[in-house]
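**Q** Sending over a structure as structure tokens; questions will come in a sec.
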Amino acid sequence: MVGERERSRFAVKAEAYVALTKPRVIELLLVTALPTMFLAAGGVPPIGALLATLLGGFLSAGSANAFNMILDRDIDRVMHRTKRRPLVTGTLSVTEARVFAWTLAVVSTLVLGIFAHWLAAALSVAAIAFYVVIYTMLLKRRTEQNIVWGGIAGCFPVVIGWAGVTGSLDWPAWILFTLVFLWTPAHYWPLSMKYRDDYEAAEVPMLSVVRGRPMVGIQVILYAWASLACTLLLIPVAGMGLLYSGVAIVAGGWFVVEAHGLYARAIRGAREVRAMRVFHASNTYLTLVFLAVGIDPLLPF
């Protein structure tokens, strides 16, 4: 019985540490990094650099997310969707979380620097610093544009992936960086509409709280169109083929239509604007585009 209780306690702790990393967020980051490495290599990248970059990127993002939970634990206690996070429930102490976050930061930097490239490691450190200091500490509680500029942290995986393979940063990497930057508000603001009451209770000035649903809708449209334009810019710059071009146009068009639908429902004053439909569509859109980014270099056309 004692052994079973110990195993159960260990499992609970392990699950809490995993939760600190926000694994579903990391999953999306890896979706952008992996295809970028194929584009950077013009085909299949060296397996060592690929594995080191993915592992280092995973640990780096996990570190940033853990620091974020430490700093935002007061907000997490108020918001319904975050009240079961480990620092709110007391499953982990702040000291445990802090040691974990710093350990991931150090290990991720060493993995990227030693086994991929030190430029990738430096970009990883910059990503952690940006997410923790610029977004979490300075912007999130002060401005409705928090997710716009704070979202830059989520753009780093593409340049980390590119640098991990090439040891440099070229124009296609910056275009993909910009794509994720433009996509992020169109992705996150619909989610903030869904959880508007949570953000209002926590006094976080999300656009949906400060400006209302119609303004969110028009901003999502603008960023969706900008994302589509950015994907098309990659075609001449990176010499993308038919697969990528077709996916960029069709998927981008579909995302724009979904964005217009959100706005139309918002200005009609519909009781349910189906914001999560656009949120999920944004995930699918970005995944399709980056799948095409990774597959296109493997094709002869």
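Residues in the structure tokens are numbered from 1 in each chain, the chains being A, B, ... in the order shown, and ligands are numbered from 1 in the order shown.
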Show which residues sit within 12 Å of Glu203 (chain A), as a PyMOL selection string. Count only C-alpha atoms, and ignore same-chain residues fewer than 2 positions away.
**A** chain A and resi 74-76+78-79+140-144+196-201+205-207+209-210
**Q** Considering only C-alpha atoms, can you say which of A:Glu258, A:Glu272, A:Asp296, A:Asp170 comes closest to Leu243 (chain A)?
**A**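 Among the listed residues, A:Asp296 lies closest to Leu243 (chain A).
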**Q** Got a sec: who's within 9 Å of Lys13 (chain A), counting only C-alpha atoms, leaving out chain neighbours fewer than 4 positions off, as an MDAnalysis selection string?
**A** chainID A and resid 8:9 17:18 86 91:92
**Q** How would the residues just picked look written out with N, CA and C atoms as a short mmCIF file (atom, residue, chain, number, x, y, z; two decimals), in the first residue's frame?
**A**
data_model
loop_
_atom_site.label_atom_id
_atom_site.label_comp_id
_atom_site.auth_asym_id
_atom_site.auth_seq_id
_atom_site.Cartn_x
_atom_site.Cartn_y
_atom_site.Cartn_z
N SER A 8 1.67 6.70 -6.79
CA SER A 8 0.59 7.61 -7.13
C SER A 8 1.02 9.06 -6.93
N ARG A 9 1.72 9.33 -5.84
CA ARG A 9 2.21 10.68 -5.57
C ARG A 9 3.21 11.10 -6.63
N TYR A 17 4.33 18.57 -13.46
CA TYR A 17 5.49 19.14 -14.15
C TYR A 17 5.23 19.23 -15.66
N VAL A 18 4.62 18.20 -16.22
CA VAL A 18 4.28 18.23 -17.64
C VAL A 18 3.30 19.37 -17.91
N PRO A 86 -1.19 23.55 -11.84
CA PRO A 86 -0.53 22.99 -10.65
C PRO A 86 -0.13 23.99 -9.58
N THR A 91 -0.31 21.55 -6.19
CA THR A 91 0.38 20.30 -6.49
C THR A 91 1.89 20.51 -6.54
N LEU A 92 2.29 21.68 -7.02
CA LEU A 92 3.70 22.06 -7.03
C LEU A 92 3.86 23.38 -6.29
#
**Q** How far is it from CA of Phe279 (chain A) to CA of Val159 (chain A), in Å with one decimal?
**A**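 These atoms are spaced 24.3 Å apart.
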**Q** Take CA of Trp149 (chain A) and CA of Leu233 (chain A) and report the distance between them in Å, one decimal.
**A**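 Computing the Euclidean distance for CA of Trp149 (chain A) and CA of Leu233 (chain A) yields 21.7 Å.
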**Q** Give me, as CSV, the closest atom pair and its distance (Å, one decimal) for every residue of region 182-265 of chain A within a cut-off of 12 Å of region 35-42 of chain A, counting only C-alpha atoms, rows sorted by chain and rising number.
**A**
residue,atom,partner,partner_atom,distance
A:Leu234,CA,A:Leu39,CA,11.1
A:Ala238,CA,A:Leu39,CA,8.5
A:Gly239,CA,A:Leu39,CA,10.3
A:Met240,CA,A:Leu39,CA,9.3
A:Gly241,CA,A:Leu39,CA,11.6
A:Tyr244,CA,A:Leu39,CA,11.3
**Q** Given only C-alpha atoms as the basis, pick out the residue of A:Ile70, A:Asn146, A:Ala49, A:Ile235 nearest to Trp162 (chain A).
**A**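 Of the candidates, the smallest distance to Trp162 (chain A) is held by A:Ala49.
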**Q** What's the 7 Å shell around Ala248 (chain A), counting only C-alpha atoms, without same-chain residues fewer than 4 positions away, as a list in words?
**A**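 The residues satisfying every condition are Thr231, Leu232, Tyr244, Gly252 and Val289 of chain A.
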**Q** With the cut-off set at 10 Å and counting only C-alpha atoms, tabulate each residue of region 147-218 of chain A with an atom at most that distance from an atom of region 24-30 of chain A, showing the nearest atom pair and its distance in Å to one decimal, ordered by chain and increasing number, as CSV.
**A**
residue,atom,partner,partner_atom,distance
A:Gly154,CA,A:Leu29,CA,7.0
A:Cys155,CA,A:Leu29,CA,8.3
A:Phe156,CA,A:Leu29,CA,8.8
A:Pro157,CA,A:Leu29,CA,6.2
A:Val158,CA,A:Leu29,CA,8.4
A:Gly161,CA,A:Leu30,CA,9.2
A:Val180,CA,A:Leu29,CA,9.9
**Q** Those same residues, written as a short mmCIF file (atom, residue, chain, number, x, y, z; two decimals), in the first residue's frame with C-alpha atoms?
**A**
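selection-v3.cif written:
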data_model
loop_
_atom_site.label_atom_id
_atom_site.label_comp_id
_atom_site.auth_asym_id
_atom_site.auth_seq_id
_atom_site.Cartn_x
_atom_site.Cartn_y
_atom_site.Cartn_z
CA GLY A 154 5.71 32.24 -30.62
CA CYS A 155 7.46 33.20 -33.85
CA PHE A 156 10.90 32.12 -32.63
CA PRO A 157 10.55 28.36 -33.33
CA VAL A 158 10.76 28.96 -37.08
CA GLY A 161 14.57 25.64 -36.67
CA VAL A 180 3.32 33.41 -37.37
#
**Q** Can you tell me, as a PyMOL selection string, which residues in region 77-252 of chain A count as alpha helix (DSSP H) by DSSP?
**A** chain A and resi 77-78+86-89+94-115+118-129+146-150+156-166+171-194+196-201+207-210+213-238+242-252
**Q** So which residues touch region 125-133 of chain A within 7 Å, counting only C-alpha atoms, skipping near sequence neighbours fewer than 4 positions away, as JSON, numbers by chain?
**A** {"A": [60, 64, 67, 68, 109, 121, 137, 138, 150, 153, 156]}
**Q** Tell me which of A:Ala19, A:Leu123, A:Asp72, A:Ala116 sits closest to Arg84 (chain A), counting only C-alpha atoms.
**A**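 Ranked by minimum distance to Arg84 (chain A), first place goes to A:Ala19.
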**Q** Neighbours of Arg265 (chain A) within 10 Å (only C-alpha atoms; same-chain residues fewer than 3 positions away dropped), as a ChimeraX atom specification?
**A** /A:213-214,217,260-262,268-275
**Q** To one decimal place, how far is CA of Tyr195 (chain A) from CA of Val278 (chain A) in Å?
**A**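 Distance reported for this atom pair: 14.0 Å.
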**Q** Calculated over only C-alpha atoms, which of the candidates A:Thr178, A:Arg85, A:Leu298, A:Phe255 has the smallest distance to Leu222 (chain A)?
**A** A:Phe255
